[in-house]
file run.cif (mmCIF, C-alpha atoms)
data_coords
#
loop_
_atom_site.label_atom_id
_atom_site.label_comp_id
_atom_site.auth_asym_id
_atom_site.auth_seq_id
_atom_site.Cartn_x
_atom_site.Cartn_y
_atom_site.Cartn_z
CA MET A 176 84.92 50.63 84.51
CA SER A 177 83.22 53.63 86.19
CA GLU A 178 81.31 51.27 88.48
CA TYR A 179 84.65 49.99 89.78
CA TYR A 180 85.68 53.47 90.89
CA ASN A 181 82.27 54.58 92.18
CA SER A 182 81.96 51.88 94.81
CA ARG A 183 84.17 50.07 97.25
CA ARG A 184 84.48 46.34 97.18
CA ASN A 185 82.61 44.69 100.04
CA ARG A 186 83.72 41.10 99.46
CA ASN A 187 86.95 39.36 100.43
CA LEU A 188 87.73 42.05 102.98
CA PHE A 189 89.54 41.43 106.22
CA ASP A 190 87.33 41.47 109.31
CA PRO A 191 89.35 41.85 112.54
CA GLU A 192 86.50 40.20 114.47
CA SER A 193 86.41 37.07 112.31
CA VAL A 194 87.99 33.83 113.50
CA GLU A 195 88.11 32.37 109.97
CA PRO A 196 91.48 32.33 108.19
CA PHE A 197 91.73 35.28 105.83
CA LYS A 198 92.68 34.37 102.27
CA VAL A 199 95.81 35.99 100.83
CA SER A 200 96.99 35.01 97.39
CA ARG A 201 100.57 35.02 96.20
CA SER A 202 99.85 38.27 94.36
CA LYS A 203 98.45 39.91 97.53
CA ILE A 204 101.61 38.97 99.40
CA ASP A 205 103.63 40.65 96.67
CA LEU A 206 101.36 43.68 96.86
CA TYR A 207 102.13 43.96 100.58
CA MET A 208 105.87 43.61 99.93
CA ASN A 209 105.68 46.39 97.34
CA CYS A 210 103.45 48.73 99.34
CA PRO A 211 101.77 48.00 102.70
CA LEU A 212 99.42 50.96 102.24
CA CYS A 213 98.10 49.76 98.87
CA PHE A 214 97.66 46.31 100.42
CA TYR A 215 95.74 47.76 103.39
CA LEU A 216 93.51 49.88 101.15
CA ASP A 217 92.74 46.79 99.07
CA CYS A 218 92.29 44.03 101.65
CA ARG A 219 91.00 46.01 104.64
CA LEU A 220 89.13 48.94 103.06
CA GLY A 221 88.12 47.48 99.69
CA VAL A 222 89.81 50.10 97.49
CA GLY A 223 92.10 48.29 95.08
CA ARG A 224 94.56 49.71 92.65
CA PRO A 225 93.07 50.46 89.21
CA PRO A 226 93.08 47.19 87.26
CA GLY A 227 95.55 46.73 84.45
CA PHE A 228 94.66 45.46 81.02
CA PRO A 229 94.98 41.70 80.54
CA PHE A 230 98.06 40.42 78.71
CA ALA A 231 96.20 38.18 76.27
CA LEU A 232 99.30 37.18 74.27
CA ASN A 233 101.14 36.20 77.44
CA SER A 234 98.17 34.12 78.53
CA ALA A 235 98.12 32.40 75.13
CA VAL A 236 101.80 31.52 75.44
CA ASP A 237 101.22 30.14 78.94
CA LEU A 238 98.34 27.98 77.77
CA LEU A 239 100.25 26.60 74.80
CA LEU A 240 103.29 25.82 76.96
CA LYS A 241 101.08 23.91 79.38
CA LYS A 242 99.61 21.90 76.52
CA GLU A 243 103.07 21.19 75.14
CA PHE A 244 104.55 20.04 78.45
CA ASP A 245 101.41 18.01 79.16
CA ILE A 246 102.05 15.96 76.00
CA HIS A 247 105.42 14.91 77.40
CA ARG A 248 103.96 14.49 80.90
CA ALA A 249 101.41 11.99 79.62
CA LYS A 250 104.20 9.98 77.97
CA LYS A 251 106.42 10.22 81.08
CA ARG A 252 109.32 11.63 79.12
CA ALA A 253 111.51 14.72 79.18
CA HIS A 254 110.75 17.77 77.08
CA PRO A 255 113.55 18.47 74.52
CA LEU A 256 114.30 21.78 76.30
CA MET A 257 115.38 19.82 79.37
CA GLY A 258 118.10 18.09 77.37
CA VAL A 259 119.23 21.34 75.78
CA TYR A 260 119.83 22.81 79.24
CA GLY A 261 121.46 19.70 80.70
CA LEU A 262 118.61 18.76 83.02
CA LYS A 263 119.32 15.06 83.35
CA ASP A 264 116.65 12.74 84.71
CA VAL A 265 114.08 15.59 84.81
CA ILE A 266 110.55 15.12 83.48
CA PRO A 267 107.24 16.99 83.90
CA TYR A 268 105.66 15.89 87.18
CA GLU A 269 102.36 14.06 87.01
CA HIS A 270 99.86 14.45 89.85
CA GLU A 271 96.09 14.14 90.08
CA ASP A 272 95.81 17.64 91.58
CA LEU A 273 97.87 19.44 88.94
CA ASP A 274 94.83 21.11 87.34
CA ILE A 275 93.72 22.32 90.78
CA TRP A 276 97.17 23.74 91.51
CA ARG A 277 97.05 25.59 88.19
CA SER A 278 93.61 27.10 88.83
CA ASN A 279 93.54 30.78 89.76
CA PHE A 280 90.43 30.20 91.88
CA LYS A 281 91.85 27.23 93.82
CA GLY A 282 95.59 26.68 93.53
CA ILE A 283 97.86 25.13 96.14
CA ARG A 284 96.79 26.15 99.67
CA HIS A 285 97.97 26.23 103.24
CA VAL A 286 96.58 27.76 106.43
CA TYR A 287 99.39 29.49 108.30
CA LYS A 288 97.93 29.22 111.78
CA ARG A 289 100.26 31.68 113.51
CA ALA A 290 98.84 34.49 111.39
CA ASN A 291 95.47 32.82 110.72
CA LEU A 292 95.92 33.30 106.98
CA LEU A 293 94.92 31.01 104.13
CA VAL A 294 97.77 31.34 101.64
CA THR A 295 97.10 30.38 98.01
CA GLY A 296 99.01 30.32 94.75
CA ALA A 297 98.41 29.06 91.21
CA ILE A 298 101.47 27.52 89.56
CA ASP A 299 102.32 26.95 85.90
CA ASP A 300 104.17 23.65 86.18
CA ILE A 301 106.24 21.25 88.29
CA TRP A 302 109.14 19.10 87.15
CA GLN A 303 110.56 16.08 88.92
CA ASN A 304 114.05 14.65 89.16
CA THR A 305 113.40 10.94 88.72
CA LYS A 306 116.63 10.00 90.50
CA THR A 307 116.19 12.08 93.67
CA GLY A 308 112.40 12.44 93.65
CA GLU A 309 112.72 16.17 94.31
CA LEU A 310 110.27 18.54 92.66
CA SER A 311 111.07 21.89 91.08
CA ILE A 312 108.58 24.72 90.70
CA VAL A 313 108.40 26.03 87.13
CA ASP A 314 107.01 29.37 86.00
CA TYR A 315 106.39 30.49 82.44
CA LYS A 316 107.25 34.04 81.37
CA SER A 317 107.01 35.76 78.01
CA THR A 318 108.27 39.04 76.63
CA SER A 319 109.79 40.59 73.53
CA LYS A 320 113.11 42.39 73.82
CA GLU A 321 116.31 42.74 71.82
CA GLU A 322 118.68 41.56 74.55
CA LYS A 323 118.82 38.05 75.97
CA VAL A 324 116.39 37.52 78.84
CA THR A 325 117.75 37.31 82.39
CA LEU A 326 116.52 37.68 85.97
CA ASP A 327 118.83 40.62 86.68
CA LYS A 328 116.38 43.53 86.55
CA GLU A 329 115.36 45.12 89.84
CA TRP A 330 111.64 44.77 89.08
CA GLN A 331 112.05 41.02 88.62
CA ILE A 332 112.15 40.62 92.40
CA THR A 333 108.42 40.05 91.92
CA TYR A 334 109.18 36.93 89.86
CA LYS A 335 111.60 35.66 92.49
CA ARG A 336 109.16 36.19 95.34
CA GLN A 337 106.50 34.47 93.28
CA MET A 338 108.71 31.39 92.93
CA GLU A 339 109.58 31.39 96.63
CA VAL A 340 105.95 31.60 97.76
CA TYR A 341 105.15 28.61 95.57
CA GLN A 342 108.10 26.70 97.00
CA TRP A 343 106.96 27.52 100.53
CA LEU A 344 103.39 26.45 99.82
CA PHE A 345 104.40 23.06 98.48
CA ARG A 346 106.76 22.47 101.37
CA GLN A 347 103.93 23.21 103.80
CA ASN A 348 101.94 20.52 101.94
CA ASP A 349 104.76 17.99 102.59
CA PHE A 350 106.25 17.88 99.10
CA ARG A 351 110.01 17.53 98.62
CA ILE A 352 110.82 20.77 96.85
CA SER A 353 114.22 21.61 95.44
CA LYS A 354 115.67 25.04 96.16
CA ILE A 355 116.19 25.34 92.41
CA GLY A 356 113.17 26.37 90.40
CA TYR A 357 113.01 27.17 86.70
CA PHE A 358 111.68 30.01 84.59
CA VAL A 359 110.75 29.01 81.06
CA TYR A 360 111.23 32.41 79.43
CA CYS A 361 109.88 33.01 75.91
CA ASN A 362 111.29 36.00 74.04
CA GLY A 363 109.39 37.05 70.91
CA LYS A 364 111.61 37.57 67.87
CA THR A 365 111.32 40.88 66.02
CA ASP A 366 114.12 40.36 63.47
CA ARG A 367 111.98 38.46 60.96
CA ALA A 368 111.39 39.89 57.48
CA ALA A 369 107.62 39.73 57.91
CA PHE A 370 104.93 38.69 60.34
CA ASP A 371 103.35 36.04 58.07
CA GLY A 372 100.65 35.33 60.62
CA LYS A 373 102.96 33.90 63.27
CA LEU A 374 105.19 35.01 66.11
CA GLU A 375 108.36 33.05 66.81
CA PHE A 376 110.20 32.87 70.14
CA ASP A 377 113.58 32.12 71.58
CA ILE A 378 113.02 29.99 74.68
CA ASP A 379 115.40 29.94 77.63
CA VAL A 380 115.23 27.81 80.76
CA ILE A 381 116.64 29.92 83.58
CA PRO A 382 117.36 28.24 86.93
CA TYR A 383 116.73 30.19 90.12
CA THR A 384 117.79 29.20 93.63
CA GLY A 385 114.98 30.32 95.90
CA ASP A 386 115.01 31.16 99.59
CA ASP A 387 111.55 31.18 101.21
CA ALA A 388 112.80 32.14 104.69
CA TRP A 389 111.13 35.57 104.39
CA VAL A 390 107.62 34.21 103.81
CA THR A 391 106.55 33.47 107.40
CA ARG A 392 107.84 36.84 108.61
CA ALA A 393 105.92 38.54 105.82
CA LEU A 394 102.73 36.69 106.77
CA THR A 395 103.14 37.75 110.40
CA ASP A 396 103.63 41.35 109.27
CA ILE A 397 100.60 41.11 106.98
CA ARG A 398 98.44 40.00 109.90
CA ALA A 399 99.66 42.93 112.01
CA CYS A 400 99.00 45.32 109.13
CA LEU A 401 95.45 44.04 108.67
CA MET A 402 94.69 44.22 112.39
CA SER A 403 95.77 47.83 112.67
CA PRO A 404 92.88 50.34 112.89
CA LYS A 405 95.05 52.85 111.01
CA PRO A 406 96.52 52.41 107.53
CA PRO A 407 100.31 52.32 107.08
CA LYS A 408 102.21 55.34 105.85
CA PRO A 409 102.56 55.80 102.08
CA SER A 410 105.55 54.15 100.47
CA MET A 411 108.21 56.45 99.06
CA THR A 412 108.81 54.06 96.16
CA CYS A 413 105.17 53.37 95.22
CA ASP A 414 103.91 55.08 92.05
CA TYR A 415 100.31 54.77 93.25
CA CYS A 416 101.09 56.48 96.55
CA SER A 417 102.96 59.23 94.69
CA TYR A 418 99.99 59.72 92.37
CA ARG A 419 97.52 59.96 95.25
CA LYS A 420 99.73 62.51 97.03
CA SER A 421 100.19 64.62 93.88
CA ALA A 422 96.43 64.59 93.25
CA ARG A 423 95.71 65.68 96.82
CA ASP A 424 98.35 68.43 96.66
CA VAL A 425 96.88 69.84 93.45
CA GLN A 426 93.33 69.78 94.84
CA THR A 427 94.33 71.43 98.11
CA GLY A 428 96.61 73.99 96.46
CA LYS A 429 99.82 72.80 98.07
#

call {"tool": "encode", "arguments": {"input": "run.cif", "output": "structure tokens"}}
result
Amino acid sequence: MSEYYNSRRNRNLFDPESVEPFKVSRSKIDLYMNCPLCFYLDCRLGVGRPPGFPFALNSAVDLLLKKEFDIHRAKKRAHPLMGVYGLKDVIPYEHEDLDIWRSNFKGIRHVYKRANLLVTGAIDDIWQNTKTGELSIVDYKSTSKEEKVTLDKEWQITYKRQMEVYQWLFRQNDFRISKIGYFVYCNGKTDRAAFDGKLEFDIDVIPYTGDDAWVTRALTDIRACLMSPKPPKPSMTCDYCSYRKSARDVQTGK
């Protein structure tokens, strides 16, 4: 961990002299939307935010959900959850590139030429309406809370932007994408008498009507941010910016 802080990253940095498209992932776009300064420090100067700890249980749930939906995909049939939530004529979508689209190191890609950016994103799943042919982006989420899961929290704007970037990417690759995507939300139950070596979940399928109109403007702004010789001003709502300011103030006696 100390090596991370003692040196700047010198790979995957933006070079204003380069003519090659600069790669920005879905998560980097969200980083910019949350704080342009943190994005600039990361992608232009090589100083990223301190890494968080991996959510191993969440990753396990994601993997098991993929395996489960893949069973139904192979048999070209609907998952029982689809019937529970009234999703008629909807089945998991089968495509030869699905494993590539799911890969964090590849994903679905598109070069947005106006900003000379290679935009990437790794999805969880895609469902298809067999009557209309339209595809819906699907994202898996997991948590454990007493109340019923929703998409109403302010911080969940990150989830919504995530969905909309995926929708935009697939549209740029000439897929017919529905405005309605779905979050398969798993909520771990804590009201059991004992653990007994297993964790049980309530599972909700939450529809979300996305609007990706903001994406191209954001990519244009990202390009302008990266090209600037000076970093943006700190964000008033960014905890990392507030921490850096407080640390500087203490050290300088302000």

call {"tool": "residues_around", "arguments": {"input": "run.cif", "residues": "Met338 in chain A", "least_positions_apart": "4", "cutoff": "12 Å", "atoms": "only C-alpha atoms", "output": "NGL selection string"}}
result
:A and (201-202 or 205 or 296-301 or 311-316 or 331-334 or 342-345 or 352-358 or 382-387 or 390)

call {"tool": "resolve_selection", "arguments": {"input": "run.cif", "expression": "the PyMOL selection byres ((chain A and resi 373-375) around 7)", "output": "list in words"}}
result
Gly363, Lys364, Phe370, Asp371, Gly372 and Phe376 of chain A

call {"tool": "write_last_selection", "arguments": {"input": "run.cif", "atoms": "C-alpha atoms", "output": "PDB file, in the coordinates of the input"}}
result
ATOM      1  CA  GLY A 363     109.390  37.050  70.910  1.00  0.00           C
ATOM      2  CA  LYS A 364     111.610  37.570  67.870  1.00  0.00           C
ATOM      3  CA  PHE A 370     104.930  38.690  60.340  1.00  0.00           C
ATOM      4  CA  ASP A 371     103.350  36.040  58.070  1.00  0.00           C
ATOM      5  CA  GLY A 372     100.650  35.330  60.620  1.00  0.00           C
ATOM      6  CA  PHE A 376     110.200  32.870  70.140  1.00  0.00           C
TER       7      PHE A 376
END

call {"tool": "atom_distance", "arguments": {"input": "run.cif", "atom1": "CA of Asn291 in chain A", "atom2": "CA of Phe197 in chain A"}}
result
6.6 Å

call {"tool": "atom_distance", "arguments": {"input": "run.cif", "atom1": "CA of Thr318 in chain A", "atom2": "CA of Ala368 in chain A"}}
result
19.4 Å

call {"tool": "atom_distance", "arguments": {"input": "run.cif", "atom1": "CA of Lys335 in chain A", "atom2": "CA of Ala393 in chain A"}}
result
14.8 Å

call {"tool": "closest_residue", "arguments": {"input": "run.cif", "among": "A:Ala422, A:Met411, A:Leu240, A:Cys400", "to": "Phe214 in chain A", "atoms": "all atoms listed in the file"}}
result
A:Cys400

call {"tool": "build_atoms", "arguments": {"input": "run.cif", "residues": "range 350-380 of chain A", "atoms": "N, CA and C atoms", "output": "PDB file, in the coordinates of the input"}}
result
ATOM      1  N   PHE A 350     105.565  18.300 100.311  1.00  0.00           N
ATOM      2  CA  PHE A 350     106.250  17.880  99.100  1.00  0.00           C
ATOM      3  C   PHE A 350     107.745  18.177  99.231  1.00  0.00           C
ATOM      4  N   ARG A 351     108.559  17.315  98.644  1.00  0.00           N
ATOM      5  CA  ARG A 351     110.010  17.530  98.620  1.00  0.00           C
ATOM      6  C   ARG A 351     110.344  18.477  97.479  1.00  0.00           C
ATOM      7  N   ILE A 352     110.611  19.725  97.846  1.00  0.00           N
ATOM      8  CA  ILE A 352     110.820  20.770  96.850  1.00  0.00           C
ATOM      9  C   ILE A 352     112.282  21.183  96.804  1.00  0.00           C
ATOM     10  N   SER A 353     112.845  21.163  95.631  1.00  0.00           N
ATOM     11  CA  SER A 353     114.220  21.610  95.440  1.00  0.00           C
ATOM     12  C   SER A 353     114.307  23.122  95.616  1.00  0.00           C
ATOM     13  N   LYS A 354     115.442  23.590  96.084  1.00  0.00           N
ATOM     14  CA  LYS A 354     115.670  25.040  96.160  1.00  0.00           C
ATOM     15  C   LYS A 354     115.721  25.651  94.768  1.00  0.00           C
ATOM     16  N   ILE A 355     116.059  24.831  93.778  1.00  0.00           N
ATOM     17  CA  ILE A 355     116.190  25.340  92.410  1.00  0.00           C
ATOM     18  C   ILE A 355     114.854  25.202  91.673  1.00  0.00           C
ATOM     19  N   GLY A 356     114.333  26.335  91.270  1.00  0.00           N
ATOM     20  CA  GLY A 356     113.170  26.370  90.400  1.00  0.00           C
ATOM     21  C   GLY A 356     113.603  26.831  89.023  1.00  0.00           C
ATOM     22  N   TYR A 357     112.667  26.817  88.077  1.00  0.00           N
ATOM     23  CA  TYR A 357     113.010  27.170  86.700  1.00  0.00           C
ATOM     24  C   TYR A 357     111.991  28.135  86.108  1.00  0.00           C
ATOM     25  N   PHE A 358     112.522  29.123  85.387  1.00  0.00           N
ATOM     26  CA  PHE A 358     111.680  30.010  84.590  1.00  0.00           C
ATOM     27  C   PHE A 358     111.843  29.630  83.121  1.00  0.00           C
ATOM     28  N   VAL A 359     110.749  29.242  82.501  1.00  0.00           N
ATOM     29  CA  VAL A 359     110.750  29.010  81.060  1.00  0.00           C
ATOM     30  C   VAL A 359     110.380  30.349  80.426  1.00  0.00           C
ATOM     31  N   TYR A 360     111.380  31.015  79.874  1.00  0.00           N
ATOM     32  CA  TYR A 360     111.230  32.410  79.430  1.00  0.00           C
ATOM     33  C   TYR A 360     111.190  32.460  77.901  1.00  0.00           C
ATOM     34  N   CYS A 361     110.072  32.915  77.361  1.00  0.00           N
ATOM     35  CA  CYS A 361     109.880  33.010  75.910  1.00  0.00           C
ATOM     36  C   CYS A 361     110.062  34.444  75.458  1.00  0.00           C
ATOM     37  N   ASN A 362     110.979  34.652  74.519  1.00  0.00           N
ATOM     38  CA  ASN A 362     111.290  36.000  74.040  1.00  0.00           C
ATOM     39  C   ASN A 362     110.910  36.105  72.564  1.00  0.00           C
ATOM     40  N   GLY A 363     109.877  36.907  72.278  1.00  0.00           N
ATOM     41  CA  GLY A 363     109.390  37.050  70.910  1.00  0.00           C
ATOM     42  C   GLY A 363     110.412  37.681  69.985  1.00  0.00           C
ATOM     43  N   LYS A 364     110.627  37.075  68.833  1.00  0.00           N
ATOM     44  CA  LYS A 364     111.610  37.570  67.870  1.00  0.00           C
ATOM     45  C   LYS A 364     111.015  38.686  67.015  1.00  0.00           C
ATOM     46  N   THR A 365     111.775  39.754  66.854  1.00  0.00           N
ATOM     47  CA  THR A 365     111.320  40.880  66.020  1.00  0.00           C
ATOM     48  C   THR A 365     112.220  41.099  64.809  1.00  0.00           C
ATOM     49  N   ASP A 366     113.167  40.183  64.577  1.00  0.00           N
ATOM     50  CA  ASP A 366     114.120  40.360  63.470  1.00  0.00           C
ATOM     51  C   ASP A 366     113.710  39.596  62.221  1.00  0.00           C
ATOM     52  N   ARG A 367     112.454  39.160  62.147  1.00  0.00           N
ATOM     53  CA  ARG A 367     111.980  38.460  60.960  1.00  0.00           C
ATOM     54  C   ARG A 367     111.616  39.457  59.869  1.00  0.00           C
ATOM     55  N   ALA A 368     111.671  38.993  58.608  1.00  0.00           N
ATOM     56  CA  ALA A 368     111.390  39.890  57.480  1.00  0.00           C
ATOM     57  C   ALA A 368     109.933  40.310  57.438  1.00  0.00           C
ATOM     58  N   ALA A 369     109.054  39.422  57.931  1.00  0.00           N
ATOM     59  CA  ALA A 369     107.620  39.730  57.910  1.00  0.00           C
ATOM     60  C   ALA A 369     106.922  38.941  59.005  1.00  0.00           C
ATOM     61  N   PHE A 370     105.712  39.358  59.299  1.00  0.00           N
ATOM     62  CA  PHE A 370     104.930  38.690  60.340  1.00  0.00           C
ATOM     63  C   PHE A 370     104.438  37.319  59.866  1.00  0.00           C
ATOM     64  N   ASP A 371     103.830  37.280  58.684  1.00  0.00           N
ATOM     65  CA  ASP A 371     103.350  36.040  58.070  1.00  0.00           C
ATOM     66  C   ASP A 371     102.406  35.255  58.981  1.00  0.00           C
ATOM     67  N   GLY A 372     101.675  35.971  59.802  1.00  0.00           N
ATOM     68  CA  GLY A 372     100.650  35.330  60.620  1.00  0.00           C
ATOM     69  C   GLY A 372     101.171  34.489  61.769  1.00  0.00           C
ATOM     70  N   LYS A 373     102.436  34.676  62.151  1.00  0.00           N
ATOM     71  CA  LYS A 373     102.960  33.900  63.270  1.00  0.00           C
ATOM     72  C   LYS A 373     104.041  34.678  64.000  1.00  0.00           C
ATOM     73  N   LEU A 374     104.180  34.387  65.267  1.00  0.00           N
ATOM     74  CA  LEU A 374     105.190  35.010  66.110  1.00  0.00           C
ATOM     75  C   LEU A 374     106.105  33.911  66.626  1.00  0.00           C
ATOM     76  N   GLU A 375     107.390  34.061  66.388  1.00  0.00           N
ATOM     77  CA  GLU A 375     108.360  33.050  66.810  1.00  0.00           C
ATOM     78  C   GLU A 375     109.098  33.527  68.054  1.00  0.00           C
ATOM     79  N   PHE A 376     109.566  32.556  68.854  1.00  0.00           N
ATOM     80  CA  PHE A 376     110.200  32.870  70.140  1.00  0.00           C
ATOM     81  C   PHE A 376     111.525  32.145  70.291  1.00  0.00           C
ATOM     82  N   ASP A 377     112.444  32.806  70.967  1.00  0.00           N
ATOM     83  CA  ASP A 377     113.580  32.120  71.580  1.00  0.00           C
ATOM     84  C   ASP A 377     113.124  31.694  72.974  1.00  0.00           C
ATOM     85  N   ILE A 378     113.451  30.485  73.371  1.00  0.00           N
ATOM     86  CA  ILE A 378     113.020  29.990  74.680  1.00  0.00           C
ATOM     87  C   ILE A 378     114.240  29.632  75.511  1.00  0.00           C
ATOM     88  N   ASP A 379     114.326  30.227  76.692  1.00  0.00           N
ATOM     89  CA  ASP A 379     115.400  29.940  77.630  1.00  0.00           C
ATOM     90  C   ASP A 379     114.824  29.307  78.886  1.00  0.00           C
ATOM     91  N   VAL A 380     115.562  28.371  79.453  1.00  0.00           N
ATOM     92  CA  VAL A 380     115.230  27.810  80.760  1.00  0.00           C
ATOM     93  C   VAL A 380     116.240  28.356  81.754  1.00  0.00           C
TER      94      VAL A 380
END
